[in-house]
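Here is model28.cif, consisting of mmCIF, C-alpha atoms and all ligand atoms:
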```
data_query
#
loop_
_atom_site.label_atom_id
_atom_site.label_comp_id
_atom_site.auth_asym_id
_atom_site.auth_seq_id
_atom_site.Cartn_x
_atom_site.Cartn_y
_atom_site.Cartn_z
CA MET A 1 48.96 17.06 -1.52
CA GLY A 2 47.01 19.12 -4.04
CA ALA A 3 45.20 16.02 -5.34
CA LYS A 4 44.25 14.96 -1.83
CA LEU A 5 42.93 18.40 -1.06
CA LEU A 6 40.94 18.37 -4.26
CA CYS A 7 39.42 14.99 -3.34
CA LEU A 8 38.64 16.27 0.14
CA CYS A 9 36.68 19.15 -1.35
CA LEU A 10 35.11 17.19 -4.20
CA LEU A 11 33.81 14.21 -2.22
CA PRO A 12 31.40 16.11 -0.01
CA ALA A 13 30.23 18.07 -3.05
CA LEU A 14 29.55 14.86 -4.98
CA LEU A 15 27.83 13.33 -1.98
CA ALA A 16 25.65 16.39 -1.52
CA TYR A 17 24.81 16.29 -5.23
CA TYR A 18 23.81 12.63 -4.88
CA ILE A 19 21.72 13.18 -1.78
CA TYR A 20 19.93 16.22 -3.16
CA SER A 21 16.51 15.59 -4.68
CA PRO A 22 13.94 18.24 -5.45
CA MET A 23 11.25 18.05 -2.75
CA PRO A 24 7.70 19.26 -3.25
CA GLU A 25 6.74 22.36 -1.26
CA GLY A 26 4.89 21.96 2.00
CA LEU A 27 6.46 18.68 3.06
CA ALA A 28 7.34 18.29 6.76
CA GLU A 29 11.10 18.05 7.57
CA PRO A 30 12.18 18.14 3.89
CA TRP A 31 15.95 18.12 4.51
CA LYS A 32 15.82 15.26 6.94
CA LEU A 33 13.61 13.30 4.57
CA MET A 34 16.02 13.93 1.72
CA VAL A 35 18.86 12.37 3.71
CA LEU A 36 16.71 9.45 4.89
CA LEU A 37 15.71 8.66 1.32
CA THR A 38 19.32 8.34 0.11
CA PRO A 39 19.64 4.59 0.84
CA PHE A 40 16.39 3.95 -1.08
CA LYS A 41 17.69 6.04 -3.95
CA ALA A 42 20.99 4.15 -3.95
CA VAL A 43 19.26 0.75 -4.06
CA GLY A 44 17.06 2.04 -6.91
CA HIS A 45 20.14 3.02 -8.92
CA LEU A 46 21.83 -0.29 -8.17
CA ALA A 47 18.71 -2.22 -9.24
CA ALA A 48 18.43 -0.26 -12.49
CA ALA A 49 22.12 -0.98 -13.21
CA VAL A 50 22.03 -4.75 -12.58
CA ASP A 51 18.76 -5.00 -14.53
CA LEU A 52 20.34 -3.15 -17.46
CA LEU A 53 23.34 -5.48 -17.37
CA GLY A 54 20.98 -8.45 -17.38
CA LEU A 55 22.35 -9.74 -14.06
CA MET A 56 19.13 -9.68 -12.09
CA HIS A 57 15.51 -8.60 -12.43
CA TYR A 58 15.00 -5.01 -11.26
CA MET A 59 12.56 -6.07 -8.51
CA GLU A 60 14.83 -8.85 -7.23
CA ALA A 61 17.60 -6.30 -6.75
CA MET A 62 15.18 -3.86 -5.11
CA ARG A 63 14.51 -6.54 -2.50
CA LEU A 64 17.86 -5.67 -0.95
CA ILE A 65 15.93 -3.10 1.12
CA THR A 66 13.52 -5.76 2.36
CA VAL A 67 16.34 -8.16 3.23
CA ILE A 68 18.32 -5.57 5.21
CA GLU A 69 15.20 -4.48 7.10
CA THR A 70 13.83 -7.91 8.04
CA VAL A 71 13.99 -9.12 11.64
CA VAL A 72 13.09 -12.53 13.08
CA ALA A 73 9.87 -12.96 15.01
CA THR A 74 10.67 -12.07 18.64
CA SER A 75 8.23 -11.83 21.53
CA ASP A 76 8.42 -9.02 24.07
CA GLU A 77 6.90 -8.36 27.48
CA ASN A 78 3.54 -7.41 25.89
CA VAL A 79 3.11 -9.46 22.75
CA THR A 80 3.91 -13.05 21.75
CA VAL A 81 5.14 -13.06 18.16
CA THR A 82 5.37 -16.27 16.13
CA SER A 83 5.81 -17.31 12.52
CA THR A 84 3.26 -19.84 11.35
CA GLU A 85 1.06 -20.70 8.36
CA PHE A 86 -2.65 -20.22 7.67
CA ASN A 87 -3.86 -22.31 4.74
CA ASN A 88 -0.20 -22.90 3.72
CA VAL A 89 0.53 -19.16 3.51
CA PRO A 90 3.19 -17.87 5.92
CA VAL A 91 1.95 -15.35 8.49
CA ARG A 92 3.43 -13.53 11.46
CA LEU A 93 1.06 -13.76 14.37
CA TYR A 94 0.87 -11.21 17.21
CA LEU A 95 -0.93 -12.35 20.37
CA PRO A 96 -1.21 -9.92 23.29
CA ARG A 97 -0.09 -11.22 26.68
CA ARG A 98 -2.37 -8.92 28.64
CA ALA A 99 -5.42 -10.68 30.04
CA PRO A 100 -8.37 -10.02 27.73
CA ASP A 101 -11.45 -8.34 29.17
CA GLY A 102 -13.78 -10.54 27.14
CA LEU A 103 -13.16 -11.49 23.53
CA ARG A 104 -10.42 -9.70 21.59
CA ARG A 105 -10.45 -7.56 18.49
CA ALA A 106 -8.43 -8.68 15.47
CA MET A 107 -6.72 -7.32 12.37
CA VAL A 108 -5.48 -9.11 9.26
CA TYR A 109 -2.65 -6.94 7.88
CA PHE A 110 -1.14 -6.84 4.38
CA HIS A 111 2.22 -5.11 3.96
CA GLY A 112 3.04 -2.77 1.09
CA GLY A 113 5.82 -2.86 -1.51
CA GLY A 114 4.11 -2.72 -4.90
CA TRP A 115 3.19 -6.45 -4.85
CA CYS A 116 6.91 -7.07 -5.58
CA LEU A 117 8.73 -6.06 -2.39
CA GLY A 118 8.25 -6.02 1.36
CA ASP A 119 7.84 -8.58 4.09
CA ALA A 120 5.75 -8.87 7.24
CA GLY A 121 9.07 -9.18 9.07
CA MET A 122 10.40 -5.77 8.05
CA LYS A 123 11.23 -3.79 11.17
CA SER A 124 8.69 -1.07 10.44
CA TYR A 125 5.83 -3.52 9.75
CA ASP A 126 6.76 -5.65 12.72
CA HIS A 127 6.73 -2.55 14.90
CA MET A 128 3.36 -1.32 13.55
CA CYS A 129 1.64 -4.69 14.07
CA ARG A 130 3.17 -5.13 17.52
CA ARG A 131 1.93 -1.72 18.64
CA VAL A 132 -1.58 -2.29 17.31
CA SER A 133 -1.65 -5.66 19.06
CA ASN A 134 -0.46 -4.14 22.33
CA GLU A 135 -2.47 -0.92 22.31
CA LEU A 136 -5.74 -2.52 21.23
CA ASN A 137 -5.17 -5.81 23.03
CA ALA A 138 -5.86 -7.32 19.61
CA VAL A 139 -4.76 -10.37 17.64
CA VAL A 140 -2.86 -9.29 14.52
CA VAL A 141 -2.16 -11.59 11.57
CA SER A 142 0.45 -10.10 9.21
CA VAL A 143 0.55 -11.99 5.92
CA ASN A 144 3.60 -12.95 3.87
CA TYR A 145 1.84 -13.42 0.56
CA ARG A 146 3.85 -14.45 -2.50
CA LEU A 147 5.25 -11.63 -4.60
CA ALA A 148 5.56 -10.63 -8.26
CA PRO A 149 7.36 -10.92 -10.63
CA GLU A 150 7.64 -14.62 -9.68
CA HIS A 151 3.99 -14.73 -8.61
CA ARG A 152 1.85 -12.27 -10.49
CA PHE A 153 -1.79 -11.31 -10.14
CA PRO A 154 -3.94 -13.00 -8.92
CA VAL A 155 -1.50 -14.97 -6.69
CA PRO A 156 -0.80 -12.21 -4.10
CA PHE A 157 -4.54 -11.55 -3.90
CA GLU A 158 -5.37 -15.25 -3.61
CA ASP A 159 -2.83 -15.70 -0.81
CA VAL A 160 -4.19 -12.87 1.32
CA TYR A 161 -7.75 -13.94 0.57
CA SER A 162 -7.10 -17.48 1.63
CA VAL A 163 -5.49 -16.37 4.92
CA THR A 164 -8.40 -14.03 5.67
CA LYS A 165 -10.95 -16.72 4.90
CA PHE A 166 -9.10 -19.22 7.08
CA PHE A 167 -8.93 -16.79 9.98
CA LEU A 168 -12.61 -15.81 9.73
CA GLN A 169 -13.81 -19.38 10.44
CA SER A 170 -15.63 -19.50 13.79
CA ARG A 171 -13.46 -22.32 15.05
CA VAL A 172 -10.25 -20.35 14.35
CA LEU A 173 -11.60 -17.11 15.80
CA SER A 174 -12.62 -18.86 18.99
CA GLN A 175 -9.26 -20.63 19.21
CA TYR A 176 -7.63 -17.18 19.46
CA GLY A 177 -10.39 -15.70 21.63
CA VAL A 178 -11.47 -13.25 18.93
CA ASP A 179 -14.85 -11.51 18.82
CA PRO A 180 -16.27 -12.32 15.34
CA THR A 181 -17.98 -8.91 15.20
CA ARG A 182 -14.70 -7.02 15.66
CA VAL A 183 -12.34 -8.11 12.89
CA CYS A 184 -10.83 -5.78 10.26
CA VAL A 185 -8.55 -6.03 7.25
CA ALA A 186 -5.83 -3.42 6.85
CA GLY A 187 -2.87 -2.64 4.65
CA ASP A 188 -0.67 0.10 3.27
CA SER A 189 -0.03 0.93 -0.39
CA ALA A 190 -0.18 -2.38 -2.33
CA GLY A 191 -1.38 -3.90 0.96
CA GLY A 192 -4.22 -1.35 1.03
CA ASN A 193 -5.06 -2.47 -2.48
CA LEU A 194 -5.22 -6.08 -1.29
CA ALA A 195 -7.30 -5.16 1.78
CA ALA A 196 -9.86 -3.30 -0.36
CA ALA A 197 -10.02 -6.21 -2.81
CA VAL A 198 -10.43 -8.77 0.00
CA ALA A 199 -13.24 -6.74 1.61
CA GLN A 200 -15.09 -6.64 -1.74
CA GLN A 201 -14.61 -10.32 -2.49
CA LEU A 202 -15.83 -11.39 0.97
CA LEU A 203 -19.20 -9.79 0.25
CA GLU A 204 -19.78 -12.34 -2.49
CA ASP A 205 -18.47 -15.40 -0.73
CA ALA A 206 -21.35 -17.50 0.56
CA GLU A 207 -18.92 -19.70 2.51
CA VAL A 208 -17.86 -16.88 4.83
CA LYS A 209 -20.32 -16.19 7.63
CA THR A 210 -18.26 -13.64 9.57
CA LYS A 211 -18.64 -10.02 8.41
CA LEU A 212 -15.77 -7.57 8.63
CA LYS A 213 -16.19 -4.73 11.09
CA ALA A 214 -13.90 -2.41 9.14
CA GLN A 215 -11.39 -1.95 6.34
CA VAL A 216 -8.35 0.22 6.88
CA LEU A 217 -6.60 1.52 3.76
CA LEU A 218 -3.35 3.44 4.22
CA TYR A 219 -2.48 5.34 1.02
CA PRO A 220 -3.86 2.46 -1.07
CA ALA A 221 -3.36 1.85 -4.81
CA LEU A 222 -6.88 1.33 -6.15
CA GLN A 223 -6.96 1.73 -9.91
CA THR A 224 -4.94 1.12 -13.06
CA LEU A 225 -7.20 2.93 -15.48
CA ASP A 226 -6.01 6.52 -15.33
CA LEU A 227 -2.35 7.04 -14.47
CA ASP A 228 -2.54 10.74 -15.26
CA LEU A 229 -4.73 11.87 -12.35
CA PRO A 230 -3.83 15.25 -10.81
CA SER A 231 -1.80 13.44 -8.13
CA TYR A 232 0.19 11.65 -10.83
CA ARG A 233 1.14 14.95 -12.51
CA ASP A 234 4.70 16.04 -11.59
CA GLY A 235 4.85 12.53 -10.25
CA ASP A 236 8.56 12.07 -10.76
CA ASN A 237 9.31 14.52 -7.95
CA LYS A 238 7.30 12.69 -5.32
CA PRO A 239 9.38 11.19 -2.50
CA LEU A 240 9.80 7.41 -2.19
CA LEU A 241 7.25 6.54 -4.89
CA PRO A 242 7.86 8.51 -8.10
CA ARG A 243 5.38 7.96 -10.92
CA ARG A 244 7.76 5.80 -12.96
CA LEU A 245 8.19 3.38 -10.03
CA MET A 246 4.42 3.15 -9.51
CA VAL A 247 3.95 2.42 -13.22
CA ARG A 248 6.61 -0.26 -12.91
CA PHE A 249 4.89 -1.83 -9.88
CA TRP A 250 1.52 -1.84 -11.62
CA SER A 251 2.84 -3.38 -14.81
CA GLU A 252 4.98 -5.98 -13.00
CA TYR A 253 1.90 -7.10 -11.09
CA PHE A 254 0.56 -8.37 -14.44
CA THR A 255 3.58 -8.94 -16.69
CA SER A 256 7.23 -8.07 -17.39
CA ASP A 257 6.27 -7.40 -21.03
CA PRO A 258 7.60 -3.83 -21.50
CA SER A 259 4.73 -3.00 -23.86
CA LEU A 260 2.29 -2.82 -20.94
CA ARG A 261 4.69 -0.66 -18.93
CA GLU A 262 5.24 1.70 -21.86
CA ALA A 263 1.51 1.95 -22.59
CA MET A 264 0.82 2.67 -18.90
CA ALA A 265 3.61 5.26 -18.81
CA SER A 266 1.89 7.19 -21.60
CA ASN A 267 -1.57 6.43 -20.12
CA ARG A 268 -2.76 4.72 -23.30
CA HIS A 269 -3.33 1.21 -22.10
CA VAL A 270 -7.14 0.98 -21.85
CA PRO A 271 -9.03 -0.12 -24.97
CA ALA A 272 -12.12 1.76 -26.18
CA GLU A 273 -14.37 -1.21 -25.37
CA SER A 274 -13.55 -0.67 -21.67
CA GLY A 275 -14.33 3.06 -21.91
CA HIS A 276 -17.43 2.67 -19.69
CA LEU A 277 -15.10 1.98 -16.72
CA PHE A 278 -13.76 5.56 -16.79
CA GLN A 279 -16.89 6.74 -14.98
CA PHE A 280 -15.48 5.03 -11.84
CA VAL A 281 -12.29 7.09 -11.90
CA ASN A 282 -13.65 10.34 -13.32
CA TRP A 283 -11.67 12.78 -11.20
CA SER A 284 -13.59 15.80 -12.41
CA GLN A 285 -16.55 14.42 -10.46
CA LEU A 286 -14.93 12.37 -7.72
CA LEU A 287 -12.15 14.64 -6.45
CA PRO A 288 -12.75 17.63 -4.17
CA ALA A 289 -11.92 20.96 -5.85
CA GLY A 290 -8.80 21.42 -3.72
CA MET A 291 -7.30 18.28 -5.18
CA ARG A 292 -8.25 19.10 -8.78
CA LYS A 293 -6.07 22.21 -8.52
CA GLY A 294 -7.87 23.92 -11.38
CA LEU A 295 -6.71 21.31 -13.89
CA ALA A 296 -9.02 20.68 -16.83
CA TYR A 297 -10.36 17.17 -17.19
CA THR A 298 -9.26 15.46 -20.37
CA ALA A 299 -11.08 12.48 -21.79
CA PRO A 300 -9.07 9.25 -21.81
CA THR A 301 -6.96 8.33 -24.82
CA TYR A 302 -7.73 4.75 -25.77
CA GLY A 303 -4.95 2.44 -26.81
CA GLY A 304 -3.12 -0.69 -25.90
CA ALA A 305 -4.73 -2.86 -28.55
CA GLY A 306 -4.51 -6.42 -27.37
CA LEU A 307 -2.97 -5.56 -23.96
CA ALA A 308 -6.24 -5.93 -22.10
CA ARG A 309 -6.81 -9.27 -23.81
CA ARG A 310 -3.35 -10.55 -22.95
CA TYR A 311 -3.27 -9.13 -19.40
CA PRO A 312 -6.92 -8.87 -18.36
CA GLY A 313 -5.85 -8.53 -14.72
CA PHE A 314 -5.37 -4.79 -14.94
CA LEU A 315 -9.10 -4.28 -15.52
CA ASP A 316 -10.13 -6.77 -12.83
CA PRO A 317 -11.63 -5.21 -9.66
CA ARG A 318 -9.56 -7.66 -7.57
CA ALA A 319 -6.55 -5.68 -8.82
CA ALA A 320 -8.32 -2.33 -9.17
CA PRO A 321 -11.05 -2.11 -6.50
CA LEU A 322 -12.18 1.33 -7.72
CA LEU A 323 -13.63 -0.41 -10.78
CA ALA A 324 -16.33 -2.14 -8.71
CA SER A 325 -19.90 -0.99 -9.29
CA ASP A 326 -21.77 1.18 -6.77
CA ALA A 327 -24.12 -1.72 -6.05
CA ARG A 328 -21.14 -3.72 -4.85
CA LEU A 329 -19.59 -0.93 -2.77
CA ARG A 330 -22.82 -0.36 -0.83
CA HIS A 331 -22.31 -3.37 1.43
CA LEU A 332 -18.72 -2.65 2.46
CA PRO A 333 -17.88 -2.18 6.15
CA ARG A 334 -16.91 1.13 7.71
CA THR A 335 -13.73 2.43 6.21
CA TYR A 336 -10.64 4.40 7.20
CA ILE A 337 -8.65 5.88 4.31
CA LEU A 338 -5.38 7.72 4.81
CA THR A 339 -4.12 9.85 1.94
CA CYS A 340 -1.03 12.04 1.72
CA GLU A 341 -0.80 15.21 -0.34
CA HIS A 342 2.62 14.42 -1.86
CA ASP A 343 1.72 10.97 -3.15
CA VAL A 344 0.87 9.79 -6.67
CA LEU A 345 -1.77 7.53 -5.07
CA ARG A 346 -3.49 10.41 -3.25
CA ASP A 347 -6.36 10.58 -5.76
CA ASP A 348 -6.98 6.82 -5.73
CA GLY A 349 -7.76 7.01 -2.00
CA ALA A 350 -9.69 10.29 -2.26
CA MET A 351 -11.90 8.98 -5.08
CA TYR A 352 -12.60 5.72 -3.25
CA ALA A 353 -13.60 7.71 -0.15
CA GLN A 354 -16.01 9.73 -2.29
CA ARG A 355 -17.49 6.68 -4.03
CA LEU A 356 -17.93 4.78 -0.77
CA ARG A 357 -19.64 7.73 0.89
CA ALA A 358 -21.96 8.15 -2.08
CA ALA A 359 -22.82 4.46 -1.75
CA GLY A 360 -23.74 4.98 1.90
CA VAL A 361 -20.65 3.52 3.61
CA THR A 362 -19.35 5.24 6.77
CA VAL A 363 -15.94 6.65 5.79
CA THR A 364 -13.22 8.48 7.69
CA HIS A 365 -10.94 10.12 5.14
CA ASP A 366 -7.80 11.33 6.86
CA HIS A 367 -5.91 13.55 4.42
CA THR A 368 -2.49 14.84 5.48
CA GLN A 369 -1.15 17.95 3.77
CA ASP A 370 2.52 17.61 4.72
CA ALA A 371 3.03 13.87 4.21
CA PHE A 372 4.29 11.62 1.42
CA HIS A 373 3.74 8.02 0.33
CA GLY A 374 5.07 5.54 2.88
CA ALA A 375 5.28 8.14 5.65
CA ILE A 376 3.66 5.99 8.35
CA MET A 377 6.61 3.58 8.29
CA PHE A 378 9.14 6.15 9.50
CA THR A 379 8.60 5.73 13.24
CA LEU A 380 11.87 4.01 14.11
CA TRP A 381 15.29 5.51 14.61
CA PRO A 382 17.30 6.31 12.48
CA PHE A 383 14.44 6.48 9.97
CA GLU A 384 12.25 8.56 12.22
CA LEU A 385 10.03 11.51 11.27
CA ALA A 386 7.56 13.45 13.38
CA VAL A 387 4.91 13.15 10.66
CA ALA A 388 5.06 9.34 10.92
CA HIS A 389 4.20 9.39 14.62
CA ARG A 390 1.31 11.75 13.90
CA LEU A 391 -0.10 9.48 11.17
CA PHE A 392 0.40 6.34 13.22
CA ASN A 393 -1.32 7.86 16.24
CA SER A 394 -4.41 8.93 14.30
CA TYR A 395 -4.62 5.47 12.72
CA VAL A 396 -4.47 3.80 16.15
CA GLU A 397 -6.98 6.28 17.61
CA TRP A 398 -9.42 5.45 14.82
CA LEU A 399 -8.96 1.73 15.46
CA LYS A 400 -9.57 2.17 19.19
CA GLU A 401 -12.87 3.91 18.50
CA ASN A 402 -14.10 1.95 15.50
CA LEU A 403 -12.89 -1.62 15.71
C1 LIG B 1 4.71 -2.73 26.76
O1 LIG B 1 3.54 -1.95 26.95
C2 LIG B 1 3.72 -0.79 27.72
C3 LIG B 1 2.35 -0.14 27.92
O2 LIG B 1 1.71 0.03 26.68
C4 LIG B 1 4.73 0.13 27.07
O3 LIG B 1 4.95 1.27 27.85
C5 LIG B 1 6.04 -0.62 26.84
O4 LIG B 1 6.93 0.20 26.13
C6 LIG B 1 5.75 -1.88 26.03
N1 LIG B 1 6.97 -2.66 25.86
C7 LIG B 1 7.50 -2.91 24.66
C8 LIG B 1 8.73 -3.74 24.64
O5 LIG B 1 7.02 -2.49 23.62
C1 LIG B 2 -16.25 12.92 -16.60
O1 LIG B 2 -17.04 13.94 -16.04
C2 LIG B 2 -17.22 15.09 -16.86
C3 LIG B 2 -18.11 16.09 -16.16
O2 LIG B 2 -17.77 16.31 -14.86
C4 LIG B 2 -17.87 14.71 -18.17
O3 LIG B 2 -17.92 15.84 -19.02
C5 LIG B 2 -17.07 13.59 -18.84
O4 LIG B 2 -17.76 13.14 -19.96
C6 LIG B 2 -16.85 12.43 -17.89
N1 LIG B 2 -16.00 11.49 -18.56
C7 LIG B 2 -16.12 10.16 -18.45
C8 LIG B 2 -15.19 9.35 -19.25
O5 LIG B 2 -16.94 9.63 -17.72
#
```

Take the structure in this file and express it as structure tokens.
Ligand SMILES: *[C@@H]1O[C@H](CO)[C@@H](O)[C@H](O)[C@H]1NC(C)=O
Ligand SMILES: *[C@@H]1O[C@H](CO)[C@@H](O)[C@H](O)[C@H]1NC(C)=O
Amino acid sequence: MGAKLLCLCLLPALLAYYIYSPMPEGLAEPWKLMVLLTPFKAVGHLAAAVDLLGLMHYMEAMRLITVIETVVATSDENVTVTSTEFNNVPVRLYLPRRAPDGLRRAMVYFHGGGWCLGDAGMKSYDHMCRRVSNELNAVVVSVNYRLAPEHRFPVPFEDVYSVTKFFLQSRVLSQYGVDPTRVCVAGDSAGGNLAAAVAQQLLEDAEVKTKLKAQVLLYPALQTLDLDLPSYRDGDNKPLLPRRLMVRFWSEYFTSDPSLREAMASNRHVPAESGHLFQFVNWSQLLPAGMRKGLAYTAPTYGGAGLARRYPGFLDPRAAPLLASDARLRHLPRTYILTCEHDVLRDDGAMYAQRLRAAGVTVTHDHTQDAFHGAIMFTLWPFELAVAHRLFNSYVEWLKENL
């Protein structure tokens, strides 16, 4: 009797202890978010355990979330949804059923998940693409590019690039009734990284005649150079994407060699001969004062001898679009960048917005004070937050006006 009573009292206490995570101040619905994040936290612990035991790669185990969340392609009264392939890369295609009034707009979408996780078929991505297709009467192509660690940089980039290039051919656009002057690329997180990289690469591709109308970057990852930006400080308290997970995603994109991960974790992975690149991520010049928070700029510490030679990808603008020169940025299409205050990637997006503006690109920088990384995905019950609806609505509004 006594033991049972003890268990009855202890269990909820243990559960509460497990669910509790420190939340940064100023976040919307912090208690609800804390509870919603518990399954993610549990999968993270499980993945760390099986990785430690040598049973499975950490990222393979993390894919449990993707697997649970994935739904088959199903059409509804508004949108026909099919799974197909463009240039041998699997895509999920959303075609509106509503009669078009003229040619349609189109979006090529890249999902997030640190280049290692995620799927176009995850409920939240499926829902986002479906709504964009329905509300804009637009064709949406959501790409299932191959993932690291099995397929490292540049494979994920090459997959999304090859789909975009395939879709932008006049014969394909006209097959789907798409207006070639109204096509955008879009993506969130690692997908925002891919979208920014694709938009840059298209500028230099003489084979592509169609120009993008816009690029849409939702809390994108844009640089590997400085992982100690103000937004990365206190990074282990940030919901959903703590600093250590972001460092893991970045390093896994290039290699599973722990020496790159460790060097990135201590922000000593860039060799002195690449020092000139730091001007592109100099937050003392590129961040607004409110985001610098009075922190003093410290010059980079060089290190990682040999890492950049072995894994040159992390200094390649196709992986780190912020490292492109101003001359290259100048020709980019109009841009929407969403950043969230409680996100290690906040400064990547904010600095890109600043650099693009300085280069003369039309930029809408939507910064949300009470949001966190990944927030836009939480629009579906039971993982539903008011802030997600707000972010999603402003994203769709921008698309309606600018695409
Ligand atoms: C179809 O579109 C209408 C109008 O936008 C919307 O009210 C309805 O919920 C949509 N149906 C589905 C299944 O999404
Ligand atoms: C960054 O900018 C500051 C001035 O705002 C300057 O003192 C510093 O040398 C710059 N550092 C690099 C690496 O560009």

Item checked: From A:Asp226, A:Ala308, A:Leu329, A:Met291, residue lying nearest ligand LIG 2 (chain B) [only C-alpha atoms and all ligand atoms] -> A:Asp226

With the cut-off set at 7 Å and counting only C-alpha atoms and all ligand atoms, tabulate each residue of chain A with an atom at most that distance from an atom of ligand LIG 1 (chain B), showing the nearest atom pair and its distance in Å to one decimal, ordered by chain and increasing number, as CSV.
```
residue,atom,partner,partner_atom,distance
A:Asp76,CA,B:LIG1,C8,5.3
A:Glu77,CA,B:LIG1,C8,5.7
A:Asn78,CA,B:LIG1,C1,4.9
A:Asn134,CA,B:LIG1,O2,6.4
A:Glu135,CA,B:LIG1,O2,6.1
```

For chain A versus ligand LIG 2 (chain B), which residues have an atom no more than 6 Å away, and what is each residue's nearest atom pair and distance in Å rounded to one decimal, using all atoms listed in the file, chain-then-number order, as a tab-separated table?
```
residue	atom	partner	partner_atom	distance
A:Phe278	CA	B:LIG2	C8	4.7
A:Gln279	CA	B:LIG2	O5	4.0
A:Asn282	CA	B:LIG2	C1	4.9
A:Ser284	CA	B:LIG2	O2	4.9
A:Gln285	CA	B:LIG2	O2	4.9
A:Ala299	CA	B:LIG2	C8	5.8
```

Next item on the list: Grab the CA of Thr181 (chain A) to CA of Leu332 (chain A) distance for me, in Å with one decimal place.
Entry: 14.2 Å

Notebook entry, point to check: Hey, can you check how far CA of His151 (chain A) sits from CA of Ser325 (chain A)?
Noted result: 27.6 Å

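Counting from CA of Pro156 (chain A), the distance to CA of Ala359 (chain A) is 27.7 Å.
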
Closest pair table for region 273-387 of chain A residues within 12 Å of region 205-221 of chain A, only C-alpha atoms, as a tab-separated table:
```
residue	atom	partner	partner_atom	distance
A:Pro317	CA	A:Ala221	CA	11.9
A:Arg318	CA	A:Ala221	CA	11.7
A:Ala319	CA	A:Ala221	CA	9.1
A:Ala320	CA	A:Ala221	CA	7.8
A:Pro321	CA	A:Ala221	CA	8.8
A:Leu322	CA	A:Ala221	CA	9.3
A:His331	CA	A:Lys211	CA	10.3
A:Leu332	CA	A:Ala214	CA	8.2
A:Pro333	CA	A:Ala214	CA	5.0
A:Arg334	CA	A:Ala214	CA	4.9
A:Thr335	CA	A:Gln215	CA	5.0
A:Tyr336	CA	A:Val216	CA	4.8
A:Ile337	CA	A:Leu217	CA	4.8
A:Leu338	CA	A:Leu218	CA	4.8
A:Thr339	CA	A:Tyr219	CA	4.9
A:Cys340	CA	A:Tyr219	CA	6.9
A:Glu341	CA	A:Tyr219	CA	10.1
A:His342	CA	A:Tyr219	CA	10.8
A:Asp343	CA	A:Tyr219	CA	8.2
A:Val344	CA	A:Ala221	CA	9.2
A:Leu345	CA	A:Ala221	CA	5.9
A:Arg346	CA	A:Tyr219	CA	6.7
A:Asp347	CA	A:Ala221	CA	9.3
A:Asp348	CA	A:Ala221	CA	6.2
A:Gly349	CA	A:Pro220	CA	6.1
A:Ala350	CA	A:Tyr219	CA	9.3
A:Met351	CA	A:Pro220	CA	11.1
A:Tyr352	CA	A:Pro220	CA	9.6
A:Ala353	CA	A:Leu217	CA	10.1
A:Leu356	CA	A:Gln215	CA	11.8
A:Val361	CA	A:Ala214	CA	10.6
A:Thr362	CA	A:Ala214	CA	9.7
A:Val363	CA	A:Gln215	CA	9.7
A:Thr364	CA	A:Val216	CA	9.6
A:His365	CA	A:Leu217	CA	9.7
A:Asp366	CA	A:Leu218	CA	9.4
A:His367	CA	A:Tyr219	CA	9.5
A:Thr368	CA	A:Tyr219	CA	10.5
A:Ala371	CA	A:Tyr219	CA	10.6
A:Phe372	CA	A:Tyr219	CA	9.2
A:His373	CA	A:Tyr219	CA	6.8
A:Gly374	CA	A:Tyr219	CA	7.8
A:Ala375	CA	A:Tyr219	CA	9.5
A:Ile376	CA	A:Leu218	CA	8.5
A:Met377	CA	A:Leu218	CA	10.8
```
